[in-house]
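Asker: Pasting entry.pdb below, which is PDB, C-alpha atoms.
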ATOM      1  CA  MET H   1     -20.765 -30.734  17.565  1.00  0.00           C
ATOM      2  CA  GLU H   2     -20.141 -30.907  13.824  1.00  0.00           C
ATOM      3  CA  THR H   3     -22.222 -27.763  13.268  1.00  0.00           C
ATOM      4  CA  MET H   4     -20.172 -25.926  15.851  1.00  0.00           C
ATOM      5  CA  LEU H   5     -16.932 -27.048  14.209  1.00  0.00           C
ATOM      6  CA  ASN H   6     -18.243 -25.897  10.825  1.00  0.00           C
ATOM      7  CA  LYS H   7     -19.058 -22.479  12.262  1.00  0.00           C
ATOM      8  CA  ILE H   8     -15.571 -22.235  13.736  1.00  0.00           C
ATOM      9  CA  LEU H   9     -14.072 -23.252  10.394  1.00  0.00           C
ATOM     10  CA  GLU H  10     -16.180 -20.648   8.582  1.00  0.00           C
ATOM     11  CA  LYS H  11     -15.064 -17.981  11.045  1.00  0.00           C
ATOM     12  CA  LEU H  12     -11.408 -18.953  10.655  1.00  0.00           C
ATOM     13  CA  THR H  13     -11.756 -18.912   6.884  1.00  0.00           C
ATOM     14  CA  SER H  14     -13.325 -15.461   7.045  1.00  0.00           C
ATOM     15  CA  MET H  15     -10.528 -14.226   9.312  1.00  0.00           C
ATOM     16  CA  GLU H  16      -7.931 -15.605   6.918  1.00  0.00           C
ATOM     17  CA  LYS H  17      -9.559 -13.784   3.994  1.00  0.00           C
ATOM     18  CA  THR H  18      -9.604 -10.569   6.011  1.00  0.00           C
ATOM     19  CA  GLN H  19      -5.951 -11.011   6.910  1.00  0.00           C
ATOM     20  CA  ASN H  20      -5.041 -11.657   3.270  1.00  0.00           C
ATOM     21  CA  SER H  21      -6.925  -8.521   2.237  1.00  0.00           C
ATOM     22  CA  MET H  22      -5.017  -6.520   4.827  1.00  0.00           C
ATOM     23  CA  ILE H  23      -1.705  -7.934   3.599  1.00  0.00           C
ATOM     24  CA  ASP H  24      -2.632  -7.016   0.016  1.00  0.00           C
ATOM     25  CA  GLU H  25      -3.492  -3.484   1.142  1.00  0.00           C
ATOM     26  CA  ILE H  26      -0.158  -3.133   2.966  1.00  0.00           C
ATOM     27  CA  ILE H  27       1.698  -4.297  -0.154  1.00  0.00           C
ATOM     28  CA  SER H  28      -0.238  -1.779  -2.234  1.00  0.00           C
ATOM     29  CA  LEU H  29       0.582   1.008   0.218  1.00  0.00           C
ATOM     30  CA  LYS H  30       4.277   0.086   0.130  1.00  0.00           C
ATOM     31  CA  GLU H  31       4.225   0.151  -3.673  1.00  0.00           C
ATOM     32  CA  THR H  32       2.514   3.548  -3.604  1.00  0.00           C
ATOM     33  CA  GLN H  33       5.087   4.861  -1.130  1.00  0.00           C
ATOM     34  CA  THR H  34       7.941   3.571  -3.289  1.00  0.00           C
ATOM     35  CA  SER H  35       6.424   5.210  -6.352  1.00  0.00           C
ATOM     36  CA  MET H  36       6.038   8.504  -4.493  1.00  0.00           C
ATOM     37  CA  ASP H  37       9.622   8.304  -3.242  1.00  0.00           C
ATOM     38  CA  GLU H  38      10.853   7.748  -6.800  1.00  0.00           C
ATOM     39  CA  LYS H  39       8.855  10.711  -8.090  1.00  0.00           C
ATOM     40  CA  VAL H  40      10.139  12.972  -5.336  1.00  0.00           C
ATOM     41  CA  SER H  41      13.715  11.909  -6.044  1.00  0.00           C
ATOM     42  CA  ARG H  42      13.255  12.909  -9.696  1.00  0.00           C
ATOM     43  CA  ILE H  43      12.179  16.438  -8.892  1.00  0.00           C
ATOM     44  CA  GLU H  44      15.063  18.758  -9.485  1.00  0.00           C
ATOM     45  CA  LEU H  45      15.204  22.292  -8.264  1.00  0.00           C
ATOM     46  CA  LYS H  46      16.992  24.625 -10.570  1.00  0.00           C
ATOM     47  CA  VAL H  47      17.625  28.262 -10.069  1.00  0.00           C
ATOM     48  CA  ASP H  48      17.804  30.276 -13.280  1.00  0.00           C
ATOM     49  CA  LYS H  49      18.427  33.941 -12.645  1.00  0.00           C
ATOM     50  CA  ASN H  50      15.905  34.698  -9.887  1.00  0.00           C
ATOM     51  CA  THR H  51      13.393  32.092 -11.012  1.00  0.00           C
ATOM     52  CA  LEU H  52      12.817  28.784  -9.321  1.00  0.00           C
ATOM     53  CA  ILE H  53      11.876  26.083 -11.833  1.00  0.00           C
ATOM     54  CA  LEU H  54      10.485  22.702 -10.852  1.00  0.00           C
ATOM     55  CA  GLU H  55      11.064  19.926 -13.360  1.00  0.00           C
ATOM     56  CA  TYR H  56       9.144  16.660 -13.127  1.00  0.00           C
TER      57      TYR H  56
END
So that I can check it, write out the structure of this file as structure tokens.
Answerer:
Amino acid sequence: METMLNKILEKLTSMEKTQNSMIDEIISLKETQTSMDEKVSRIELKVDKNTLILEY
């Protein structure tokens, strides 16, 4: 019985670690998205005579 409970505890611990890793990955993706959004918002299109200039 104790061995079975230990196996269940190990499995739950492993699942928790997996869940935490997934949460960390989601946070990282959100940070990446925010960074990309900020970069895109800084791009300005300027027309100078018939030339399109992208400034970063």
Asker: Give, as JSON, the centre coordinates and the x, y and z edge lengths in Å to one decimal for an axis-aligned box around all listed atoms of stretch 11-23 of chain H, padded by 6 Å on each side.
Answerer:
{"center_x": -8.4, "center_y": -12.7, "center_z": 6.6, "size_x": 25.4, "size_y": 24.4, "size_z": 20.8}
Asker: Separation of atom CA of H:Lys7 and atom CA of H:Ile23, in Å?
Answerer: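 Pair atom CA of H:Lys7 / atom CA of H:Ile23 returns 24.2 Å.
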Asker: Just to confirm, what's the straight-line distance from atom CA of H:Met22 to atom CA of H:Ile8 in Å (one decimal)?
Answerer: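 That distance, rounded to one decimal, is 20.9 Å.
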Asker: Can you measure atom CA of H:Glu2 to atom CA of H:Ser21 for me? One decimal in Å is fine.
Answerer: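 So the two atoms, atom CA of H:Glu2 and atom CA of H:Ser21, lie 28.5 Å apart.
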Asker: Please produce stretch 4-23 of chain H, completed to N, CA and C atoms, as an mmCIF file, in the coordinates of the input.
Answerer:
data_model
loop_
_atom_site.group_PDB
_atom_site.id
_atom_site.type_symbol
_atom_site.label_atom_id
_atom_site.label_comp_id
_atom_site.auth_asym_id
_atom_site.auth_seq_id
_atom_site.Cartn_x
_atom_site.Cartn_y
_atom_site.Cartn_z
ATOM 1 N N MET H 4 -21.018 -26.882 15.157
ATOM 2 C CA MET H 4 -20.172 -25.926 15.851
ATOM 3 C C MET H 4 -18.787 -25.855 15.207
ATOM 4 N N LEU H 5 -18.245 -27.015 14.860
ATOM 5 C CA LEU H 5 -16.932 -27.048 14.209
ATOM 6 C C LEU H 5 -16.991 -26.376 12.842
ATOM 7 N N ASN H 6 -18.077 -26.552 12.124
ATOM 8 C CA ASN H 6 -18.243 -25.897 10.825
ATOM 9 C C ASN H 6 -18.297 -24.382 10.981
ATOM 10 N N LYS H 7 -18.987 -23.919 12.014
ATOM 11 C CA LYS H 7 -19.058 -22.479 12.262
ATOM 12 C C LYS H 7 -17.681 -21.921 12.600
ATOM 13 N N ILE H 8 -16.933 -22.663 13.393
ATOM 14 C CA ILE H 8 -15.571 -22.235 13.736
ATOM 15 C C ILE H 8 -14.706 -22.197 12.477
ATOM 16 N N LEU H 9 -14.828 -23.202 11.641
ATOM 17 C CA LEU H 9 -14.072 -23.252 10.394
ATOM 18 C C LEU H 9 -14.445 -22.084 9.479
ATOM 19 N N GLU H 10 -15.724 -21.782 9.389
ATOM 20 C CA GLU H 10 -16.180 -20.648 8.582
ATOM 21 C C GLU H 10 -15.593 -19.337 9.119
ATOM 22 N N LYS H 11 -15.598 -19.193 10.427
ATOM 23 C CA LYS H 11 -15.064 -17.981 11.045
ATOM 24 C C LYS H 11 -13.559 -17.852 10.779
ATOM 25 N N LEU H 12 -12.845 -18.967 10.913
ATOM 26 C CA LEU H 12 -11.408 -18.953 10.655
ATOM 27 C C LEU H 12 -11.114 -18.636 9.190
ATOM 28 N N THR H 13 -11.916 -19.180 8.312
ATOM 29 C CA THR H 13 -11.756 -18.912 6.884
ATOM 30 C C THR H 13 -11.996 -17.432 6.598
ATOM 31 N N SER H 14 -13.023 -16.879 7.207
ATOM 32 C CA SER H 14 -13.325 -15.461 7.045
ATOM 33 C C SER H 14 -12.187 -14.596 7.587
ATOM 34 N N MET H 15 -11.642 -14.970 8.723
ATOM 35 C CA MET H 15 -10.528 -14.226 9.312
ATOM 36 C C MET H 15 -9.294 -14.289 8.419
ATOM 37 N N GLU H 16 -9.077 -15.449 7.815
ATOM 38 C CA GLU H 16 -7.931 -15.605 6.918
ATOM 39 C C GLU H 16 -8.088 -14.705 5.690
ATOM 40 N N LYS H 17 -9.297 -14.645 5.151
ATOM 41 C CA LYS H 17 -9.559 -13.784 3.994
ATOM 42 C C LYS H 17 -9.344 -12.318 4.359
ATOM 43 N N THR H 18 -9.803 -11.945 5.540
ATOM 44 C CA THR H 18 -9.604 -10.569 6.011
ATOM 45 C C THR H 18 -8.115 -10.264 6.152
ATOM 46 N N GLN H 19 -7.399 -11.197 6.731
ATOM 47 C CA GLN H 19 -5.951 -11.011 6.910
ATOM 48 C C GLN H 19 -5.264 -10.888 5.551
ATOM 49 N N ASN H 20 -5.641 -11.728 4.606
ATOM 50 C CA ASN H 20 -5.041 -11.657 3.270
ATOM 51 C C ASN H 20 -5.350 -10.326 2.595
ATOM 52 N N SER H 21 -6.561 -9.828 2.796
ATOM 53 C CA SER H 21 -6.925 -8.521 2.237
ATOM 54 C C SER H 21 -6.072 -7.423 2.856
ATOM 55 N N MET H 22 -5.845 -7.515 4.145
ATOM 56 C CA MET H 22 -5.017 -6.520 4.827
ATOM 57 C C MET H 22 -3.576 -6.573 4.325
ATOM 58 N N ILE H 23 -3.062 -7.774 4.120
ATOM 59 C CA ILE H 23 -1.705 -7.934 3.599
ATOM 60 C C ILE H 23 -1.612 -7.325 2.203
#
